[in-house]
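J.: Got entry.tsv for you, TSV, C-alpha atoms and all ligand atoms:
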chain	number	residue	atom	x	y	z
A	1	MET	CA	119.17	95.67	111.66
A	2	LEU	CA	115.56	96.63	112.33
A	3	ARG	CA	113.25	93.89	111.04
A	4	TYR	CA	109.53	93.37	111.47
A	5	PHE	CA	106.68	91.22	110.27
A	6	THR	CA	103.10	90.42	111.18
A	7	ALA	CA	100.83	87.36	111.36
A	8	GLY	CA	97.10	86.79	111.80
A	9	GLU	CA	93.82	86.47	109.93
A	10	SER	CA	91.20	89.22	109.86
A	11	HIS	CA	88.66	87.07	111.77
A	12	GLY	CA	91.19	84.82	113.52
A	13	GLU	CA	91.90	84.78	117.24
A	14	ALA	CA	94.55	87.52	117.21
A	15	LEU	CA	97.06	89.53	115.21
A	16	VAL	CA	100.72	89.25	116.16
A	17	ALA	CA	103.60	91.59	115.27
A	18	PHE	CA	107.33	91.00	115.72
A	19	LEU	CA	109.97	93.72	115.83
A	20	SER	CA	113.64	92.86	116.18
A	21	GLY	CA	116.65	95.21	116.30
A	22	LEU	CA	115.50	98.10	118.53
A	23	PRO	CA	118.28	99.14	120.94
A	24	ALA	CA	117.82	98.51	124.67
A	25	GLY	CA	116.66	101.38	126.87
A	26	LEU	CA	113.90	102.91	124.70
A	27	LYS	CA	110.93	103.95	126.85
A	28	VAL	CA	107.69	102.18	125.86
A	29	ASP	CA	104.39	103.80	126.79
A	30	GLN	CA	101.49	101.35	126.64
A	31	ALA	CA	98.89	104.17	126.65
A	32	PHE	CA	100.55	105.74	123.60
A	33	LEU	CA	100.49	102.42	121.68
A	34	ASP	CA	96.80	102.03	122.47
A	35	ARG	CA	96.00	105.60	121.38
A	36	GLU	CA	97.68	104.90	118.02
A	37	LEU	CA	95.55	101.79	117.61
A	38	TRP	CA	92.44	103.82	118.49
A	39	ARG	CA	93.37	106.40	115.83
A	40	ARG	CA	93.62	103.65	113.18
A	41	GLN	CA	90.06	102.60	114.03
A	42	GLN	CA	88.59	106.10	113.50
A	43	GLY	CA	87.33	108.13	110.54
A	44	TYR	CA	83.99	108.81	108.88
A	45	GLY	CA	83.27	105.96	106.47
A	46	ARG	CA	84.37	103.00	108.60
A	47	GLY	CA	82.17	99.89	108.75
A	48	GLY	CA	80.61	97.89	111.61
A	49	ARG	CA	83.77	95.91	112.41
A	50	MET	CA	85.39	98.91	114.09
A	51	LYS	CA	82.43	99.09	116.50
A	52	ILE	CA	83.21	95.54	117.66
A	53	GLU	CA	86.97	95.89	118.10
A	54	ARG	CA	88.71	97.80	120.95
A	55	ASP	CA	92.32	97.35	119.91
A	56	SER	CA	94.91	97.15	122.65
A	57	ALA	CA	98.54	96.08	122.32
A	58	HIS	CA	99.41	93.16	124.59
A	59	ILE	CA	103.22	93.13	124.71
A	60	LEU	CA	104.51	89.58	125.17
A	61	SER	CA	108.28	90.04	125.03
A	62	GLY	CA	111.19	92.45	124.59
A	63	VAL	CA	109.92	95.13	127.01
A	64	ARG	CA	110.51	95.04	130.79
A	65	HIS	CA	109.87	97.78	133.38
A	66	GLY	CA	108.63	100.07	130.59
A	67	MET	CA	111.84	99.83	128.53
A	68	THR	CA	113.02	97.85	125.52
A	69	ILE	CA	115.72	95.33	126.51
A	70	GLY	CA	117.25	94.73	123.06
A	71	SER	CA	115.47	91.36	122.64
A	72	PRO	CA	112.84	90.82	119.91
A	73	ILE	CA	109.53	92.48	120.73
A	74	SER	CA	106.30	90.60	120.13
A	75	VAL	CA	102.87	92.16	120.44
A	76	GLN	CA	99.46	90.50	120.33
A	77	LEU	CA	96.18	92.21	119.39
A	78	GLU	CA	93.03	90.32	120.28
A	79	ASN	CA	90.29	90.12	117.63
A	80	ARG	CA	87.03	90.53	119.56
A	81	ASP	CA	85.13	89.42	116.45
A	82	TRP	CA	86.78	85.98	116.80
A	83	LYS	CA	83.99	84.82	119.08
A	84	ASN	CA	81.59	85.13	116.12
A	85	TRP	CA	83.93	83.20	113.82
A	86	GLN	CA	85.28	80.29	115.88
A	87	GLU	CA	83.05	77.78	114.12
A	88	SER	CA	83.45	79.14	110.59
A	89	LEU	CA	87.22	79.65	110.74
A	90	PRO	CA	88.60	76.98	113.14
A	91	VAL	CA	92.26	76.01	113.31
A	92	GLY	CA	91.17	72.36	113.52
A	93	GLU	CA	89.08	70.59	110.91
A	94	GLY	CA	85.72	71.83	112.24
A	95	ASP	CA	82.40	71.43	110.49
A	96	PRO	CA	82.68	72.25	106.74
A	97	ALA	CA	78.96	73.14	106.70
A	98	LEU	CA	79.74	76.17	108.91
A	99	HIS	CA	82.51	77.52	106.67
A	100	LYS	CA	81.66	80.98	105.23
A	101	ARG	CA	82.54	80.90	101.53
A	102	VAL	CA	83.36	84.04	99.54
A	103	ALA	CA	81.51	82.69	96.54
A	104	SER	CA	82.20	85.35	93.89
A	105	PRO	CA	85.41	87.42	93.78
A	106	ARG	CA	85.16	91.20	94.31
A	107	PRO	CA	86.76	93.21	91.48
A	108	GLY	CA	89.57	95.27	93.02
A	109	HIS	CA	90.07	92.99	96.03
A	110	ALA	CA	92.68	90.23	96.30
A	111	ASP	CA	90.00	87.50	95.97
A	112	LEU	CA	90.53	86.22	92.42
A	113	ALA	CA	94.32	86.73	92.17
A	114	GLY	CA	94.77	85.05	95.59
A	115	ALA	CA	92.45	82.10	94.86
A	116	LEU	CA	94.27	81.43	91.57
A	117	LYS	CA	97.70	81.71	93.22
A	118	TYR	CA	97.02	79.42	96.22
A	119	ASN	CA	94.64	77.12	94.34
A	120	PHE	CA	91.71	77.76	96.72
A	121	PRO	CA	88.22	76.88	95.39
A	122	GLU	CA	86.88	80.18	96.82
A	123	ALA	CA	88.34	83.30	98.46
A	124	ARG	CA	87.74	83.07	102.25
A	125	TYR	CA	91.40	82.50	103.20
A	126	VAL	CA	92.52	85.17	100.73
A	127	LEU	CA	90.29	87.83	102.27
A	128	GLU	CA	91.37	86.80	105.76
A	129	ARG	CA	95.01	87.71	105.21
A	130	ALA	CA	94.76	90.37	102.45
A	131	SER	CA	92.38	92.41	104.66
A	132	ALA	CA	93.74	95.64	106.10
A	133	ARG	CA	92.86	94.39	109.59
A	134	GLU	CA	96.55	93.37	109.38
A	135	SER	CA	97.54	97.05	109.37
A	136	ALA	CA	96.59	97.25	113.08
A	137	ALA	CA	99.60	95.06	113.86
A	138	ARG	CA	101.85	97.42	111.89
A	139	VAL	CA	100.47	100.39	113.84
A	140	ALA	CA	101.27	98.64	117.15
A	141	ILE	CA	104.97	98.26	116.33
A	142	GLY	CA	105.15	101.55	114.38
A	143	ALA	CA	104.10	103.38	117.56
A	144	LEU	CA	107.60	102.68	118.88
A	145	ALA	CA	108.80	105.46	116.49
A	146	LYS	CA	106.58	108.42	115.44
A	147	THR	CA	105.37	110.65	112.58
A	148	PHE	CA	101.99	112.36	111.93
A	149	SER	CA	99.52	112.40	109.04
A	150	HIS	CA	96.54	114.34	107.72
A	151	VAL	CA	94.06	113.83	104.88
A	152	VAL	CA	94.44	115.98	101.75
A	153	ALA	CA	91.70	114.50	99.52
A	154	VAL	CA	88.58	112.33	99.65
A	155	GLY	CA	87.12	111.52	96.24
A	156	ASN	CA	87.08	114.80	94.30
A	157	VAL	CA	87.32	117.10	97.33
A	158	ALA	CA	90.91	118.23	97.87
A	159	LEU	CA	92.84	120.65	100.10
A	160	GLN	CA	94.62	123.25	97.99
A	161	GLN	CA	97.17	124.63	100.49
A	162	GLU	CA	100.17	123.08	102.24
A	163	ILE	CA	99.51	122.48	105.95
A	164	PRO	CA	102.33	123.36	108.38
A	165	TRP	CA	103.70	120.80	110.84
A	166	GLU	CA	102.18	122.47	113.95
A	167	GLN	CA	98.66	122.15	112.50
A	168	ILE	CA	99.18	118.50	111.54
A	169	GLN	CA	100.53	117.77	115.01
A	170	ALA	CA	97.46	119.47	116.55
A	171	LEU	CA	95.16	117.09	114.64
A	172	TYR	CA	96.75	114.27	116.63
A	173	ASN	CA	95.04	115.47	119.82
A	174	GLN	CA	91.49	115.41	118.41
A	175	GLU	CA	89.10	113.35	120.52
A	176	GLU	CA	86.80	112.76	117.55
A	177	ILE	CA	88.30	111.97	114.15
A	178	LEU	CA	86.01	112.70	111.22
A	179	LEU	CA	88.24	112.79	108.13
A	180	ASN	CA	91.42	114.12	109.77
A	181	CYS	CA	91.56	117.15	107.47
A	182	ALA	CA	93.11	120.36	108.85
A	183	ASP	CA	90.60	122.67	107.10
A	184	PRO	CA	87.10	122.35	108.68
A	185	ASP	CA	85.25	123.55	105.53
A	186	VAL	CA	87.08	121.11	103.25
A	187	GLN	CA	86.51	118.36	105.84
A	188	GLN	CA	82.78	119.08	105.79
A	189	ARG	CA	82.75	118.73	101.98
A	190	MET	CA	84.70	115.48	102.28
A	191	LYS	CA	82.04	114.18	104.69
A	192	GLU	CA	79.32	115.08	102.18
A	193	GLU	CA	81.18	113.00	99.55
A	194	VAL	CA	81.19	110.02	101.93
A	195	ASP	CA	77.47	110.53	102.68
A	196	LYS	CA	76.77	110.35	98.92
A	197	VAL	CA	78.43	106.93	98.58
A	198	TYR	CA	76.69	105.65	101.72
A	199	LYS	CA	73.40	106.44	99.95
A	200	THR	CA	74.36	104.89	96.61
A	201	GLY	CA	76.11	101.74	97.91
A	202	ASP	CA	79.43	102.89	96.43
A	203	SER	CA	82.86	103.67	97.98
A	204	LEU	CA	85.61	106.32	97.87
A	205	GLY	CA	89.39	106.64	97.87
A	206	GLY	CA	91.56	109.71	98.51
A	207	VAL	CA	94.98	110.98	99.51
A	208	PHE	CA	96.77	111.23	102.89
A	209	GLU	CA	100.05	112.94	103.64
A	210	VAL	CA	102.54	111.82	106.30
A	211	VAL	CA	105.03	114.37	107.60
A	212	ALA	CA	108.16	113.50	109.57
A	213	HIS	CA	109.64	116.50	111.39
A	214	GLY	CA	113.19	116.70	112.73
A	215	VAL	CA	114.70	114.08	110.41
A	216	PRO	CA	118.47	114.68	110.23
A	217	PRO	CA	120.21	114.95	106.85
A	218	GLY	CA	121.97	111.76	105.80
A	219	LEU	CA	119.39	108.95	106.20
A	220	GLY	CA	119.42	106.61	103.18
A	221	THR	CA	122.02	106.69	100.42
A	222	TYR	CA	122.41	106.94	96.64
A	223	VAL	CA	125.25	104.39	96.56
A	224	GLN	CA	122.94	101.39	95.99
A	225	TRP	CA	119.47	101.36	94.41
A	226	ASP	CA	117.89	99.47	97.30
A	227	GLU	CA	119.27	101.80	99.99
A	228	ARG	CA	117.67	105.01	98.67
A	229	LEU	CA	115.35	106.59	101.25
A	230	ASP	CA	112.74	107.61	98.63
A	231	GLY	CA	112.59	104.03	97.29
A	232	LEU	CA	112.33	102.53	100.78
A	233	LEU	CA	109.55	104.93	101.81
A	234	ALA	CA	107.66	104.38	98.55
A	235	ALA	CA	107.78	100.59	99.04
A	236	ALA	CA	106.72	100.88	102.69
A	237	VAL	CA	103.68	103.05	101.89
A	238	MET	CA	102.78	101.17	98.68
A	239	SER	CA	102.72	97.93	100.71
A	240	LEU	CA	99.62	99.20	102.54
A	241	GLN	CA	96.31	97.79	101.38
A	242	ALA	CA	94.57	99.96	98.71
A	243	VAL	CA	97.50	102.40	98.24
A	244	LYS	CA	98.10	102.60	94.47
A	245	ALA	CA	100.49	105.57	94.14
A	246	VAL	CA	103.04	107.28	96.37
A	247	GLU	CA	104.33	110.84	96.03
A	248	ILE	CA	107.42	112.32	97.68
A	249	GLY	CA	107.12	116.09	98.22
A	250	SER	CA	105.38	117.65	95.22
A	251	GLY	CA	106.59	114.89	92.86
A	252	ILE	CA	103.35	114.66	90.85
A	253	SER	CA	102.92	118.34	90.00
A	254	ALA	CA	106.71	118.63	89.56
A	255	ALA	CA	106.50	116.38	86.49
A	256	ALA	CA	104.54	119.11	84.70
A	257	SER	CA	106.54	122.13	85.94
A	258	PRO	CA	109.84	123.74	84.87
A	259	GLY	CA	112.89	123.11	87.08
A	260	SER	CA	112.99	126.72	88.25
A	261	ALA	CA	109.53	126.33	89.81
A	262	VAL	CA	110.36	123.02	91.47
A	263	HIS	CA	113.83	122.86	92.97
A	264	ASP	CA	114.35	124.29	96.44
A	265	GLU	CA	116.93	127.09	96.39
A	266	ILE	CA	119.75	126.88	98.95
A	267	GLY	CA	120.82	129.61	101.36
A	268	TYR	CA	123.11	129.80	104.37
A	269	GLY	CA	122.53	131.36	107.80
A	270	ASN	CA	121.80	130.60	111.41
A	271	ALA	CA	118.28	129.25	110.92
A	272	GLY	CA	119.16	125.94	109.20
A	273	ASN	CA	118.08	122.53	110.47
A	274	PHE	CA	121.09	120.60	111.84
A	275	SER	CA	123.55	122.60	109.66
A	276	GLY	CA	123.68	126.22	108.52
A	277	PHE	CA	122.12	125.46	105.12
A	278	THR	CA	118.56	126.73	104.56
A	279	ARG	CA	115.77	126.26	102.00
A	280	THR	CA	112.95	128.62	101.05
A	281	ARG	CA	110.54	125.77	100.23
A	282	ASN	CA	110.40	121.98	100.33
A	283	ASN	CA	109.14	120.61	97.01
A	284	ALA	CA	111.66	117.77	97.35
A	285	GLY	CA	109.79	116.47	100.39
A	286	GLY	CA	113.02	116.38	102.39
A	287	ILE	CA	114.84	113.90	100.13
A	288	GLU	CA	117.41	114.53	97.38
A	289	GLY	CA	119.50	111.79	95.76
A	290	GLY	CA	117.82	109.16	97.93
A	291	VAL	CA	119.20	110.91	101.06
A	292	SER	CA	117.30	112.99	103.64
A	293	ASN	CA	118.39	116.64	103.39
A	294	GLY	CA	117.30	117.93	106.82
A	295	GLU	CA	113.92	119.33	105.73
A	296	GLU	CA	110.57	117.75	106.70
A	297	VAL	CA	110.04	114.40	104.97
A	298	ARG	CA	106.63	114.60	103.24
A	299	VAL	CA	105.09	111.49	101.65
A	300	ARG	CA	101.60	111.16	100.14
A	301	GLY	CA	99.70	107.93	99.60
A	302	TYR	CA	96.92	107.67	96.99
A	303	LEU	CA	94.15	105.20	97.87
A	304	LYS	CA	91.85	103.57	95.38
A	305	PRO	CA	88.19	103.28	96.48
A	306	ILE	CA	87.26	100.31	98.71
A	307	SER	CA	86.39	97.30	96.54
A	308	THR	CA	83.58	95.74	98.60
A	309	LEU	CA	80.45	97.45	97.25
A	310	ARG	CA	76.92	97.24	98.62
A	311	ARG	CA	75.78	97.69	95.00
A	312	PRO	CA	78.18	95.03	93.66
A	313	LEU	CA	80.01	95.04	90.35
A	314	GLN	CA	79.74	92.14	87.94
A	315	SER	CA	81.63	88.97	88.86
A	316	VAL	CA	81.48	85.19	88.39
A	317	ASP	CA	80.51	82.44	90.85
A	318	PHE	CA	83.61	80.38	91.82
A	319	SER	CA	81.63	77.08	91.57
A	320	THR	CA	79.23	77.50	88.66
A	321	ARG	CA	81.25	80.06	86.59
A	322	GLN	CA	77.93	81.81	85.98
A	323	PRO	CA	77.76	85.63	86.07
A	324	VAL	CA	76.68	86.99	89.50
A	325	GLY	CA	77.15	90.16	91.55
A	326	ALA	CA	80.45	90.23	93.50
A	327	ALA	CA	80.33	88.95	97.10
A	328	TYR	CA	79.44	91.50	99.79
A	329	GLU	CA	80.24	91.41	103.48
A	330	ARG	CA	80.27	94.20	106.06
A	331	SER	CA	82.77	96.77	104.88
A	332	ASP	CA	84.22	100.25	105.23
A	333	VAL	CA	83.31	102.73	102.47
A	334	CYS	CA	86.18	105.23	102.99
A	335	VAL	CA	89.39	104.65	104.98
A	336	VAL	CA	91.71	107.55	104.10
A	337	PRO	CA	92.35	108.73	107.71
A	338	ALA	CA	92.97	105.15	108.94
A	339	ALA	CA	95.32	104.43	106.05
A	340	GLY	CA	97.20	107.62	106.99
A	341	VAL	CA	97.73	106.27	110.52
A	342	ALA	CA	98.99	102.94	109.14
A	343	ALA	CA	101.33	104.88	106.81
A	344	GLU	CA	102.67	106.87	109.79
A	345	ALA	CA	103.72	103.54	111.27
A	346	MET	CA	105.37	102.36	108.04
A	347	ILE	CA	107.24	105.64	107.59
A	348	ALA	CA	108.32	105.73	111.24
A	349	LEU	CA	109.64	102.16	111.00
A	350	THR	CA	111.49	102.92	107.75
A	351	LEU	CA	113.09	106.07	109.16
A	352	ALA	CA	113.95	104.23	112.38
A	353	ARG	CA	115.60	101.48	110.34
A	354	CYS	CA	117.69	104.00	108.36
A	355	ALA	CA	118.59	105.90	111.54
A	356	LEU	CA	119.72	102.68	113.25
A	357	ASP	CA	121.69	101.71	110.13
A	358	LYS	CA	123.50	105.04	110.36
A	359	PHE	CA	123.89	105.47	114.12
A	360	GLY	CA	123.91	101.81	115.23
A	361	GLY	CA	124.09	100.97	118.92
A	362	ASP	CA	122.81	98.13	121.09
A	363	SER	CA	121.57	100.52	123.79
A	364	MET	CA	119.82	103.87	123.45
A	365	GLY	CA	122.78	105.50	125.24
A	366	GLU	CA	125.17	104.25	122.56
A	367	THR	CA	122.82	105.24	119.71
A	368	LEU	CA	122.29	108.72	121.15
A	369	ARG	CA	126.04	109.24	121.59
A	370	ASN	CA	126.59	108.35	117.94
A	371	PHE	CA	123.74	110.64	116.90
A	372	GLN	CA	125.03	113.57	118.97
A	373	GLY	CA	128.53	113.12	117.53
A	374	TYR	CA	127.07	113.31	114.05
A	375	CYS	CA	125.02	116.42	114.94
A	376	LEU	CA	128.24	118.10	116.09
A	377	GLN	CA	129.91	117.17	112.79
A	378	LEU	CA	127.00	118.80	110.91
A	379	LYS	CA	127.17	121.98	113.04
A	380	ASN	CA	130.90	122.30	112.41
A	381	TYR	CA	130.63	121.54	108.70
A	401	LIG	C1	92.56	100.90	106.91
A	401	LIG	C2	92.02	100.13	105.75
A	401	LIG	C3	90.77	99.52	105.84
A	401	LIG	C4	90.23	98.82	104.75
A	401	LIG	N1	88.96	98.27	104.86
A	401	LIG	C5	88.44	97.61	103.80
A	401	LIG	C6	87.11	97.07	103.88
A	401	LIG	O1	86.41	97.20	104.88
A	401	LIG	N2	86.62	96.44	102.77
A	401	LIG	C7	87.36	96.29	101.63
A	401	LIG	O2	86.88	95.72	100.67
A	401	LIG	N3	88.62	96.78	101.53
A	401	LIG	C8	89.18	97.43	102.59
A	401	LIG	N4	90.45	97.93	102.49
A	401	LIG	C9	91.22	97.74	101.24
A	401	LIG	C10	91.59	96.28	101.00
A	401	LIG	O3	92.27	95.72	102.13
A	401	LIG	C11	92.47	96.15	99.74
A	401	LIG	O4	91.88	96.85	98.67
A	401	LIG	C12	92.60	94.68	99.34
A	401	LIG	O5	93.36	94.00	100.34
A	401	LIG	C13	93.31	94.47	97.97
A	401	LIG	O6	94.60	94.97	97.99
A	401	LIG	P1	95.05	96.20	97.04
A	401	LIG	O7	93.94	97.22	97.08
A	401	LIG	O8	96.30	96.75	97.68
A	401	LIG	O9	95.25	95.67	95.66
A	401	LIG	C14	90.99	98.68	103.55
A	401	LIG	C15	92.25	99.28	103.46
A	401	LIG	C16	92.78	100.01	104.54
A	401	LIG	C17	94.14	100.64	104.41
Take the structure from the file and write it as structure tokens.
Ligand SMILES: Cc1cc2nc3c(=O)[nH]c(=O)nc-3n(C[C@H](O)[C@H](O)[C@H](O)COP(=O)(O)O)c2cc1C

T.:
Amino acid sequence: MLRYFTAGESHGEALVAFLSGLPAGLKVDQAFLDRELWRRQQGYGRGGRMKIERDSAHILSGVRHGMTIGSPISVQLENRDWKNWQESLPVGEGDPALHKRVASPRPGHADLAGALKYNFPEARYVLERASARESAARVAIGALAKTFSHVVAVGNVALQQEIPWEQIQALYNQEEILLNCADPDVQQRMKEEVDKVYKTGDSLGGVFEVVAHGVPPGLGTYVQWDERLDGLLAAAVMSLQAVKAVEIGSGISAAASPGSAVHDEIGYGNAGNFSGFTRTRNNAGGIEGGVSNGEEVRVRGYLKPISTLRRPLQSVDFSTRQPVGAAYERSDVCVVPAAGVAAEAMIALTLARCALDKFGGDSMGETLRNFQGYCLQLKNY
């Protein structure tokens, strides 16, 4: 079973990710992991923190001679910013006078809910773990399986057309990532939206889409509620910081359309993926009945705007209970492309988990044999 979790505070010494259950014999390319981490740091609208960090995955275990060995993988990501925080966030007792309080909770952040839950007098420790700095650790382990994303909306500026896989894949090779939108004119208008909020001290959300190409039919199942692929993907993407809605295929517009305009008609011929069955469109986003159907898996994540505002909303001081502006510390104003990269990792890990559930195997050779046997079964169906 593929399992993973992360540890680490936003301004602590390092982030750590654990991944257990990958078969032995999977090639691991350090440069590829580091490029994924670089992509998560990009995008117009990021704050000063990303200028400090140069994320690199330091693999501690589970990989030898460039291959997985079937043992749990652990990866460490250094936080360069730690050197500025050692005195204010020590592991030992330290000097309480140097502690950096988050005095008034930010509406929309985890500050108030977290302080109430853990009975903290202020929100420093809440911010440290709720922060999406954690998503870098997910990207490091997600890079061991792969999907691609692009941005479809920032604020009110939205792409109107569907973007084919080849164009989304091409975005991956960009050396400069602005808003990771496939249409240059729309991207320029997205940038103007971000410029507006930079000027006004506000922030923006938006929508990214992750596309997984070449997914075989048969991942996930309808036989139990918690094994459905759509439910697993929705939970994986919704678990990312600031994602407040998830859409599979054209699920949102489908709710307002007649069935004849939504469902993907079935044909048969030589051009099908994996089997002879074909589709003329993919409104289902590659999943029917909680099972992948052989088409591209398309998942969108909807991000609320960042909650740390330079022109703060109304809040209350944790100590005095008097009204004050919400706390502010250095922050991103728009993170849609970066969230898309983190979602690629979550979707890749979820698909990898379902694929390993189906094809099993302790070594890649065994897994591939099982997979190829299944492909033959589909061809002969
Ligand atoms: C890549 C990424 C970067 C983020 N950067 C910030 C940030 O700089 N400032 C901030 O207030 N929120 C940021 N967020 C969002 C917060 O982490 C998130 O809103 C907060 O943890 C509360 O969780 P919730 O929005 O899921 O309810 C970021 C989110 C992502 C995905």

J.: Ranking A:Gly340, A:Gly205, A:Gly251, A:Pro107 by minimum distance to Val154 in chain A and counting all atoms listed in the file, which one comes first?

T.: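 Closest to Val154 in chain A, using all atoms listed in the file: A:Gly205.
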
J.: Identify, on the basis of all atoms listed in the file, every residue whose closest approach to Glu128 in chain A does not exceed 10 Å; exclude the query and any residue fewer than 6 positions from it along the same chain; express the result as JSON, numbers by chain.

T.: {"A": [8, 9, 10, 11, 12, 89, 111, 134]}

J.: Which residues of chain A come within 6 Å of ligand LIG 401 (chain A), and what is each one's closest atom pair and distance in Å (one decimal), counting all atoms listed in the file, sorted by chain and residue number, as a Markdown table?

T.:
| residue | atom | partner | partner_atom | distance |
| --- | --- | --- | --- | --- |
| A:His109 | CA | A:LIG401 | C13 | 4.1 |
| A:Ala110 | CA | A:LIG401 | C13 | 4.6 |
| A:Ala130 | CA | A:LIG401 | O5 | 4.4 |
| A:Ser131 | CA | A:LIG401 | O3 | 4.2 |
| A:Ala132 | CA | A:LIG401 | O3 | 4.2 |
| A:Leu240 | CA | A:LIG401 | C17 | 6.0 |
| A:Gln241 | CA | A:LIG401 | O8 | 3.8 |
| A:Ala242 | CA | A:LIG401 | O7 | 3.2 |
| A:Val243 | CA | A:LIG401 | O8 | 5.8 |
| A:Ile306 | CA | A:LIG401 | N3 | 4.7 |
| A:Ser307 | CA | A:LIG401 | O2 | 4.4 |
| A:Thr308 | CA | A:LIG401 | O2 | 3.9 |
| A:Ser331 | CA | A:LIG401 | O1 | 3.7 |
| A:Asp332 | CA | A:LIG401 | O1 | 3.8 |
| A:Val335 | CA | A:LIG401 | C1 | 5.3 |
| A:Ala338 | CA | A:LIG401 | C1 | 4.7 |
| A:Ala339 | CA | A:LIG401 | C17 | 4.3 |

J.: Pick from A:Val246, A:Gly325, A:Glu13, A:Gly290: nearest to Val223 in chain A, with all atoms listed in the file counted?

T.: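 Among the listed residues, A:Gly290 lies closest to Val223 in chain A.
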
J.: Report as CSV the residues of range 284-308 of chain A within 12 Å of range 261-276 of chain A, each with its shortest atom pair and distance in Å (one decimal), using all atoms listed in the file, ordered by chain and increasing residue number.

T.:
residue,atom,partner,partner_atom,distance
A:Ala284,CA,A:His263,CA,7.1
A:Gly285,CA,A:Asp264,CA,9.9
A:Gly286,CA,A:Asp264,CA,10.0
A:Ile287,CA,A:Asp264,CA,11.0
A:Glu288,CA,A:His263,CA,10.1
A:Ser292,CA,A:Asn273,CA,11.8
A:Asn293,CA,A:Asn273,CA,9.2
A:Gly294,CA,A:Asn273,CA,5.9
A:Glu295,CA,A:Asn273,CA,7.1
A:Glu296,CA,A:Asn273,CA,9.7

J.: Just give me the gap between CA of Ala326 in chain A and CA of Ala103 in chain A in Å, one decimal is fine.

T.: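 Answer for the CA of Ala326 in chain A to CA of Ala103 in chain A separation: 8.2 Å.
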
J.: For CA of Ala235 in chain A and CA of Ala256 in chain A, determine how far apart the two atoms are, in Å to one decimal place.

T.: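 Between CA of Ala235 in chain A and CA of Ala256 in chain A the gap works out to 23.6 Å.
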
J.: Any idea what's packed within 8 Å of Met1 in chain A, counting all atoms listed in the file, ignoring anything in its chain fewer than 2 positions away? Could you give it as a count of residues only?

T.: 6

J.: Expressed in Å to a single decimal, how great is the separation between CA of His65 in chain A and CA of Lys27 in chain A?

T.: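 Answer for the CA of His65 in chain A to CA of Lys27 in chain A separation: 9.0 Å.
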
J.: Hey, which of A:Leu159, A:Cys334, A:Ala123, A:Ala24 ends up closest to Leu309 in chain A? Count only C-alpha atoms.

T.: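 Closest to Leu309 in chain A, using only C-alpha atoms: A:Cys334.
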
J.: Near range 178-188 of chain A, within 8 Å and counting all atoms listed in the file, which residues show up once chain neighbours fewer than 5 positions away are dropped, as a list in words?

T.: Gln42, Gly43, Tyr44, His150, Val151, Val152, Val157, Ala158, Leu159, Ile163, Gln167, Ile168, Leu171, Val336 and Pro337 of chain A

J.: Give the centre and edge lengths of an axis-aligned box, in Å to one decimal, that holds all listed atoms of range 188-192 of chain A with 4 Å on each side, as AutoDock Vina command-line options.

T.:
--center_x 82.0 --center_y 116.6 --center_z 103.9 --size_x 13.4 --size_y 12.9 --size_z 11.8

J.: Give me the residues within 6 Å of range 32-40 of chain A as a PyMOL selection string, counting only C-alpha atoms and dropping any in the same chain fewer than 4 places off.

T.: chain A and resi 55-56+140+143+338+341
